[in-house]
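Worksheet: the structure to be examined is printed underneath.
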Amino acid sequence: MLNVINLILGGALLVAGRKLFWLFVGAAGFVTGIQLATRFWEGSDVLAIVVGLVIGVIFALLAIFLQALAIGIAGFLAGGYILTVLAAMVGIDVTGAVTWIVYIAGGVLGVILVSFLFDWALITLSSLAGAALIVQAFFPEGTAGGLLFFILFLAGVIIQGLIFRRQKATTTA
């Protein structure tokens with residue numbers, strides 16, 4: 001069930017993460033909620049999904065009402081998630097203290113990226129997060145997962161970049 005949610009959410013982030021930034025922020029909260037639930041509670045997928053949904057909705061509401069703060073938080077959460085997935089893909093044992101170190105390093109990079117290049121950071125981070133969600137649904141690790149991740153990431157950046165450039169051209173013209 002989580003794989004289906006990852007696939008749908010990942011696809012939405014790949015094509016519309018910048019335009020629907022609240023979805024990106026909510027997705028970052030959702031994924032973080034699921035990770036927390038599966039790490040700290042031995043329960044069913046339903047519990048993880050409920051925790052993820054609650055945190056995701058809170059973050060989406062924050063994004064709507066407190067945009068700058070929410071986007072910074074989403075940059076941190078997405079950056080942490082992305083670096084954790086990438087580290088696992090290349091064979092790094094992401095358990096224990098290493099999990100927190102990798103997550104915090106990725107989070108700091110995500111905040112820096114969002115701070116300096118807002119639109120392109122949203123495009124990049126949402127494409128990375130979307131690709132990571134989709135790959136995690138199919139190939140948790142290995143060469144095939146890495147290749148699929150890279151292809152999906154590029155597709156997301158190209159699609160969102162083209163949409164962004166068209167919107168920018170129509171607003172400046």
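Each chain in the structure tokens gets a letter, A, B, ..., in the order shown, and its residues are numbered from 1; ligands are numbered from 1 in order too.
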Could you name the residues that touch stretch 70-77 of chain A at 7 Å or less, counting only C-alpha atoms, but leaving out those on the same chain fewer than 4 positions away, as an MDAnalysis selection string?
chainID A and resid 25 28 59 62:63 66 81 107:108 110:111 114
Skipping near chain neighbours, those fewer than 3 positions away, what residues fall within 9 Å of stretch 120-129 of chain A using only C-alpha atoms, listed as a ChimeraX atom specification?
/A:10,13-19,21,24,27-28,71,75,78-79,81-82,110,113-117,132-134,149-150,152-157,160-161,164
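For the pair atom CA of A:Glu42 and atom CA of A:Ala87, the separation is 24.3 Å.
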Rounded to one decimal, what separation in Å do you get between atom CA of A:Leu36 and atom CA of A:Trp100?
12.1 Å
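Between A:Leu23 and the residues A:Leu147, A:Ile64, A:Leu109, A:Leu2, the shortest atom-to-atom distance, using only C-alpha atoms, involves A:Ile64.
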I need the residue nearest A:Gln167 from this list: A:Ala12, A:Val50, A:Leu86, A:Asp119. Use only C-alpha atoms for the distance.
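The answer is A:Asp119, which sits nearest to A:Gln167.
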Non-local contacts of stretch 137-139 of chain A (8 Å; only C-alpha atoms; under 3 positions in same chain excluded) as a list in words:
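Residues near the query, excluding close chain neighbours: Leu2, Asn3, Val4, Asn6, Leu7, Leu133, Ile134, Gly142, Ala144 and Gly145 of chain A.
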Neighbour list for A:Ile55 as a PyMOL selection string, cut-off 10 Å, only C-alpha atoms, skip fewer than 5 positions in-chain
chain A and resi 26-34+49-50+60-61
With C-alpha atoms retained, write the just-selected residues as a PDB file, in the first residue's frame.
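New file again-v5.pdb:
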```pdb
ATOM      1  CA  GLY A  26       2.955  18.197   2.671  1.00  0.00           C
ATOM      2  CA  ALA A  27       4.731  15.308   0.933  1.00  0.00           C
ATOM      3  CA  ALA A  28       7.919  16.056   2.868  1.00  0.00           C
ATOM      4  CA  GLY A  29       5.901  15.927   6.090  1.00  0.00           C
ATOM      5  CA  PHE A  30       4.103  12.760   4.975  1.00  0.00           C
ATOM      6  CA  VAL A  31       7.351  10.929   4.184  1.00  0.00           C
ATOM      7  CA  THR A  32       8.928  12.103   7.439  1.00  0.00           C
ATOM      8  CA  GLY A  33       5.867  10.931   9.381  1.00  0.00           C
ATOM      9  CA  ILE A  34       6.029   7.505   7.766  1.00  0.00           C
ATOM     10  CA  ILE A  49       0.073   6.058   6.768  1.00  0.00           C
ATOM     11  CA  VAL A  50      -2.117   7.750   9.397  1.00  0.00           C
ATOM     12  CA  ALA A  60       0.636  21.513   3.932  1.00  0.00           C
ATOM     13  CA  LEU A  61      -1.377  23.927   6.094  1.00  0.00           C
TER      14      LEU A  61
END
```
